[in-house]
file input36.cif (mmCIF, C-alpha atoms)
data_work
loop_
_atom_site.group_PDB
_atom_site.id
_atom_site.type_symbol
_atom_site.label_atom_id
_atom_site.label_comp_id
_atom_site.auth_asym_id
_atom_site.auth_seq_id
_atom_site.Cartn_x
_atom_site.Cartn_y
_atom_site.Cartn_z
ATOM 1 C CA GLY A 26 -20.314 9.204 -14.789
ATOM 2 C CA ARG A 27 -19.987 6.851 -17.750
ATOM 3 C CA LEU A 28 -20.013 3.826 -15.472
ATOM 4 C CA ALA A 29 -23.072 5.176 -13.644
ATOM 5 C CA ASP A 30 -24.841 5.456 -17.019
ATOM 6 C CA LEU A 31 -24.211 1.705 -17.369
ATOM 7 C CA GLY A 32 -25.502 1.023 -13.854
ATOM 8 C CA LEU A 33 -22.002 0.267 -12.566
ATOM 9 C CA THR A 34 -19.807 1.574 -9.761
ATOM 10 C CA ALA A 35 -16.009 1.307 -9.780
ATOM 11 C CA LEU A 36 -14.400 -0.025 -6.607
ATOM 12 C CA ALA A 37 -10.700 0.328 -5.873
ATOM 13 C CA GLY A 38 -8.419 -1.151 -3.233
ATOM 14 C CA PRO A 39 -5.123 0.761 -3.008
ATOM 15 C CA GLU A 40 -1.921 -1.055 -2.028
ATOM 16 C CA LEU A 41 0.963 1.344 -1.395
ATOM 17 C CA GLU A 42 4.646 0.612 -0.861
ATOM 18 C CA TYR A 43 7.188 2.985 0.625
ATOM 19 C CA TYR A 44 10.691 3.121 2.041
ATOM 20 C CA LEU A 45 11.345 4.209 5.589
ATOM 21 C CA LEU A 46 14.646 5.996 6.206
ATOM 22 C CA GLU A 47 16.558 6.813 9.376
ATOM 23 C CA PRO A 48 19.237 9.453 9.971
ATOM 24 C CA ASP A 49 22.680 8.378 8.781
ATOM 25 C CA PRO A 50 25.375 9.565 11.203
ATOM 26 C CA THR A 51 28.172 8.349 8.910
ATOM 27 C CA PRO A 52 30.574 11.231 8.182
ATOM 28 C CA GLY A 53 30.322 12.231 4.546
ATOM 29 C CA SER A 54 26.900 10.615 4.023
ATOM 30 C CA SER A 55 25.592 12.028 0.749
ATOM 31 C CA SER A 56 21.988 12.511 1.884
ATOM 32 C CA GLY A 57 22.106 12.200 5.658
ATOM 33 C CA TRP A 58 19.628 9.265 5.465
ATOM 34 C CA ARG A 59 19.930 5.491 5.191
ATOM 35 C CA ARG A 60 17.424 2.667 4.863
ATOM 36 C CA TYR A 61 15.708 1.812 8.128
ATOM 37 C CA ASP A 62 16.332 -1.782 9.219
ATOM 38 C CA ASP A 63 18.358 -2.508 6.102
ATOM 39 C CA ALA A 64 17.913 -6.290 6.100
ATOM 40 C CA LEU A 65 17.235 -7.808 2.695
ATOM 41 C CA GLY A 66 14.677 -10.551 2.168
ATOM 42 C CA ASN A 67 12.399 -10.248 5.206
ATOM 43 C CA VAL A 68 9.507 -10.484 2.754
ATOM 44 C CA TYR A 69 5.976 -10.223 4.149
ATOM 45 C CA VAL A 70 7.099 -10.465 7.755
ATOM 46 C CA THR A 71 5.469 -8.531 10.545
ATOM 47 C CA GLY A 72 6.819 -7.594 13.927
ATOM 48 C CA ARG A 73 10.333 -6.693 14.969
ATOM 49 C CA LYS A 74 12.143 -8.999 12.522
ATOM 50 C CA GLY A 75 11.839 -6.375 9.782
ATOM 51 C CA ASP A 76 10.773 -3.429 11.942
ATOM 52 C CA ARG A 77 12.787 -3.175 15.143
ATOM 53 C CA LEU A 78 10.959 -0.066 16.399
ATOM 54 C CA SER A 79 7.453 -1.419 15.597
ATOM 55 C CA HIS A 80 6.805 1.564 13.336
ATOM 56 C CA VAL A 81 4.292 -0.325 11.174
ATOM 57 C CA LEU A 82 2.243 -1.610 14.106
ATOM 58 C CA ARG A 83 1.935 1.881 15.620
ATOM 59 C CA THR A 84 1.219 3.303 12.182
ATOM 60 C CA LEU A 85 -1.573 0.796 11.479
ATOM 61 C CA ARG A 86 -3.185 1.528 14.834
ATOM 62 C CA THR A 87 -3.059 5.267 14.208
ATOM 63 C CA LEU A 88 -4.386 4.954 10.649
ATOM 64 C CA ARG A 89 -7.342 2.919 11.955
ATOM 65 C CA LYS A 90 -8.160 5.735 14.388
ATOM 66 C CA LEU A 91 -8.006 8.184 11.464
ATOM 67 C CA ASP A 92 -10.558 6.024 9.588
ATOM 68 C CA ILE A 93 -8.316 5.684 6.536
ATOM 69 C CA GLY A 94 -9.426 2.078 6.073
ATOM 70 C CA VAL A 95 -6.232 0.062 6.410
ATOM 71 C CA THR A 96 -6.558 -3.700 6.128
ATOM 72 C CA MET A 97 -2.978 -4.899 6.700
ATOM 73 C CA GLY A 98 0.676 -4.007 6.478
ATOM 74 C CA ASN A 99 3.985 -5.815 6.284
ATOM 75 C CA HIS A 100 7.671 -5.553 5.451
ATOM 76 C CA GLU A 101 8.321 -5.781 1.719
ATOM 77 C CA PHE A 102 11.364 -7.302 0.008
ATOM 78 C CA SER A 103 13.975 -4.585 0.353
ATOM 79 C CA GLY A 104 15.452 -3.304 3.594
ATOM 80 C CA GLY A 105 13.317 -0.524 5.038
ATOM 81 C CA GLN A 106 10.503 -1.129 2.539
ATOM 82 C CA PHE A 107 6.916 -1.578 3.697
ATOM 83 C CA GLU A 108 3.496 -2.155 2.166
ATOM 84 C CA ILE A 109 0.098 -1.216 3.558
ATOM 85 C CA ASN A 110 -3.214 -2.119 1.929
ATOM 86 C CA LEU A 111 -6.415 -0.100 2.134
ATOM 87 C CA HIS A 112 -9.878 -1.621 1.931
ATOM 88 C CA HIS A 113 -11.925 -1.513 -1.265
ATOM 89 C CA SER A 114 -14.402 1.324 -1.661
ATOM 90 C CA GLU A 115 -15.824 3.512 -4.405
ATOM 91 C CA ALA A 116 -12.976 4.779 -6.571
ATOM 92 C CA LEU A 117 -13.153 8.468 -5.551
ATOM 93 C CA ASP A 118 -13.236 7.555 -1.857
ATOM 94 C CA ALA A 119 -10.301 5.161 -2.347
ATOM 95 C CA ALA A 120 -8.304 7.910 -4.100
ATOM 96 C CA ASP A 121 -9.044 10.374 -1.289
ATOM 97 C CA ARG A 122 -8.011 7.845 1.366
ATOM 98 C CA ALA A 123 -4.789 6.988 -0.522
ATOM 99 C CA PHE A 124 -3.906 10.698 -0.590
ATOM 100 C CA ARG A 125 -4.588 11.070 3.142
ATOM 101 C CA PHE A 126 -2.684 7.836 3.787
ATOM 102 C CA LYS A 127 0.494 9.112 2.139
ATOM 103 C CA GLY A 128 0.422 12.331 4.142
ATOM 104 C CA ALA A 129 -0.234 10.429 7.367
ATOM 105 C CA ILE A 130 2.616 7.979 6.734
ATOM 106 C CA LYS A 131 5.072 10.834 6.180
ATOM 107 C CA GLU A 132 3.916 12.640 9.318
ATOM 108 C CA LEU A 133 4.002 9.508 11.482
ATOM 109 C CA ALA A 134 7.521 8.752 10.239
ATOM 110 C CA ARG A 135 8.600 12.303 11.118
ATOM 111 C CA HIS A 136 7.152 11.811 14.597
ATOM 112 C CA ASP A 137 9.481 8.796 15.004
ATOM 113 C CA GLY A 138 12.501 10.776 13.704
ATOM 114 C CA LEU A 139 12.320 8.893 10.391
ATOM 115 C CA MET A 140 11.461 9.799 6.811
ATOM 116 C CA ALA A 141 9.058 7.980 4.488
ATOM 117 C CA THR A 142 9.344 8.146 0.711
ATOM 118 C CA PHE A 143 6.902 6.866 -1.881
ATOM 119 C CA MET A 144 9.374 7.459 -4.728
ATOM 120 C CA ALA A 145 9.145 4.691 -7.301
ATOM 121 C CA LYS A 146 12.873 3.878 -7.220
ATOM 122 C CA PRO A 147 14.784 5.801 -4.544
ATOM 123 C CA PHE A 148 17.775 3.414 -4.596
ATOM 124 C CA ASP A 149 19.665 2.026 -7.585
ATOM 125 C CA ASP A 150 20.659 -1.170 -5.778
ATOM 126 C CA GLU A 151 17.169 -2.229 -4.589
ATOM 127 C CA GLY A 152 13.718 -2.862 -5.941
ATOM 128 C CA GLY A 153 11.272 -0.058 -6.378
ATOM 129 C CA SER A 154 8.019 0.722 -4.640
ATOM 130 C CA GLY A 155 4.665 0.394 -6.320
ATOM 131 C CA PHE A 156 1.177 1.744 -5.951
ATOM 132 C CA HIS A 157 -1.046 -1.150 -6.967
ATOM 133 C CA VAL A 158 -4.781 -0.724 -7.349
ATOM 134 C CA HIS A 159 -7.166 -3.664 -7.154
ATOM 135 C CA LEU A 160 -10.080 -2.668 -9.375
ATOM 136 C CA SER A 161 -13.544 -4.097 -9.780
ATOM 137 C CA CYS A 162 -17.010 -2.927 -10.803
ATOM 138 C CA VAL A 163 -20.307 -3.720 -9.143
ATOM 139 C CA ASP A 164 -23.851 -3.463 -10.468
ATOM 140 C CA ALA A 165 -26.803 -1.802 -8.723
ATOM 141 C CA GLU A 166 -27.295 -4.919 -6.561
ATOM 142 C CA GLY A 167 -23.641 -4.879 -5.473
ATOM 143 C CA ARG A 168 -22.604 -7.919 -7.546
ATOM 144 C CA ASN A 169 -19.048 -7.943 -8.882
ATOM 145 C CA VAL A 170 -19.542 -7.844 -12.656
ATOM 146 C CA PHE A 171 -15.941 -8.957 -13.218
ATOM 147 C CA ALA A 172 -16.570 -12.334 -11.590
ATOM 148 C CA ALA A 173 -17.819 -15.155 -13.805
ATOM 149 C CA ASP A 174 -21.116 -16.759 -12.946
ATOM 150 C CA PRO A 175 -20.695 -19.993 -10.996
ATOM 151 C CA GLY A 176 -20.787 -22.889 -13.395
ATOM 152 C CA ASP A 177 -19.799 -20.825 -16.456
ATOM 153 C CA GLN A 178 -17.530 -23.350 -18.157
ATOM 154 C CA ASP A 179 -16.322 -20.819 -20.745
ATOM 155 C CA ALA A 180 -15.032 -18.319 -18.176
ATOM 156 C CA GLU A 181 -11.287 -17.700 -18.342
ATOM 157 C CA HIS A 182 -9.621 -17.662 -14.908
ATOM 158 C CA GLY A 183 -12.978 -17.028 -13.218
ATOM 159 C CA LEU A 184 -13.497 -13.758 -15.085
ATOM 160 C CA SER A 185 -16.699 -12.662 -16.763
ATOM 161 C CA ALA A 186 -16.881 -11.419 -20.359
ATOM 162 C CA THR A 187 -17.175 -7.877 -18.932
ATOM 163 C CA ALA A 188 -13.881 -8.307 -17.060
ATOM 164 C CA LEU A 189 -12.131 -9.686 -20.128
ATOM 165 C CA HIS A 190 -13.261 -6.652 -22.129
ATOM 166 C CA ALA A 191 -12.332 -4.208 -19.381
#
call {"tool": "encode", "arguments": {"input": "input36.cif", "output": "structure tokens"}}
result
Amino acid sequence: GRLADLGLTALAGPELEYYLLEPDPTPGSSSGWRRYDDALGNVYVTGRKGDRLSHVLRTLRTLRKLDIGVTMGNHEFSGGQFEINLHHSEALDAADRAFRFKGAIKELARHDGLMATFMAKPFDDEGGSGFHVHLSCVDAEGRNVFAADPGDQDAEHGLSATALHA
């Protein structure tokens, strides 16, 4: 409401990371689950190198059918860790889609006999998962008010004064 009073609309692009787990048949396993495709360092790869069952590809296709607004997905740094980005939209819509996305990911994993967790740090020996939000504001004409005007020699890193104050 405050942004609307200023003639602005907040846009958000969610980027969510999660771990995918598979059943652990090892006798005495503490949780009964282990990291899916536990291969360290397959950063930003797609395909079977970091996802032998093509879970992410099937998931992206299904999420597109559900109109959740996915733009891309890939394997993250840690074994069994993935990232999927959602397209930018008005902040409330982006929040709603991120909520639906998390539920869909968990259900799709269950369908494959796997488990998905969005916990920030489910393992002590690996990196954590984040929920990054790309944020911008547009004016009534749809112009990004965080972007500096072309030719503005005083702009820092291509950001407008509004962005620097935000």
call {"tool": "closest_residue", "arguments": {"input": "input36.cif", "among": "A:Gly105, A:Gly32, A:Gly26, A:Gly98", "to": "A:Tyr44", "atoms": "only C-alpha atoms"}}
result
A:Gly105
call {"tool": "resolve_selection", "arguments": {"input": "input36.cif", "expression": "the PyMOL selection byres ((chain A and resi 59) around 9)", "output": "list in words"}}
result
Leu45, Leu46, Glu47, Pro48, Asp49, Ser54, Ser56, Gly57, Trp58, Arg60, Tyr61, Asp63 and Gly105 of chain A
call {"tool": "closest_residue", "arguments": {"input": "input36.cif", "among": "A:Ala29, A:Leu85, A:Ala35, A:Ala141", "to": "A:Val170", "atoms": "all atoms listed in the file"}}
result
A:Ala35
call {"tool": "residues_around", "arguments": {"input": "input36.cif", "residues": "A:Phe156", "least_positions_apart": "2", "cutoff": "8 Å", "atoms": "all atoms listed in the file", "output": "list in words"}}
result
Pro39, Glu40, Leu41, Glu42, Ser154 and Val158 of chain A
call {"tool": "atom_distance", "arguments": {"input": "input36.cif", "atom1": "atom CA of A:Leu88", "atom2": "atom CA of A:His100"}}
result
16.8 Å
call {"tool": "residues_around", "arguments": {"input": "input36.cif", "residues": "stretch 75-84 of chain A", "least_positions_apart": "2", "cutoff": "10 Å", "atoms": "all atoms listed in the file", "output": "PyMOL selection string"}}
result
chain A and resi 45+61-73+86-90+95+97-109+129-130+133-134+137+139
call {"tool": "atom_distance", "arguments": {"input": "input36.cif", "atom1": "atom CA of A:Thr96", "atom2": "atom CA of A:Leu28"}}
result
26.5 Å
call {"tool": "atom_distance", "arguments": {"input": "input36.cif", "atom1": "atom CA of A:Phe126", "atom2": "atom CA of A:Ile93"}}
result
6.6 Å
call {"tool": "closest_residue", "arguments": {"input": "input36.cif", "among": "A:Met140, A:Ala165, A:Arg27, A:Phe171", "to": "A:His190", "atoms": "only C-alpha atoms"}}
result
A:Phe171
call {"tool": "closest_residue", "arguments": {"input": "input36.cif", "among": "A:Lys74, A:Arg122, A:Lys131, A:His113", "to": "A:Cys162", "atoms": "all atoms listed in the file"}}
result
A:His113
call {"tool": "residues_near_point", "arguments": {"input": "input36.cif", "point": "(13.4, -0.7, -4.4)", "cutoff": "7 Å", "atoms": "all atoms listed in the file", "output": "list in words"}}
result
Ser103, Lys146, Pro147, Phe148, Glu151, Gly152, Gly153 and Ser154 of chain A
call {"tool": "closest_residue", "arguments": {"input": "input36.cif", "among": "A:Leu189, A:His157, A:Leu33, A:Leu91", "to": "A:Ala172", "atoms": "all atoms listed in the file"}}
result
A:Leu189
call {"tool": "closest_residue", "arguments": {"input": "input36.cif", "among": "A:Asp30, A:Ala173, A:Thr142, A:Glu132", "to": "A:Ser185", "atoms": "only C-alpha atoms"}}
result
A:Ala173
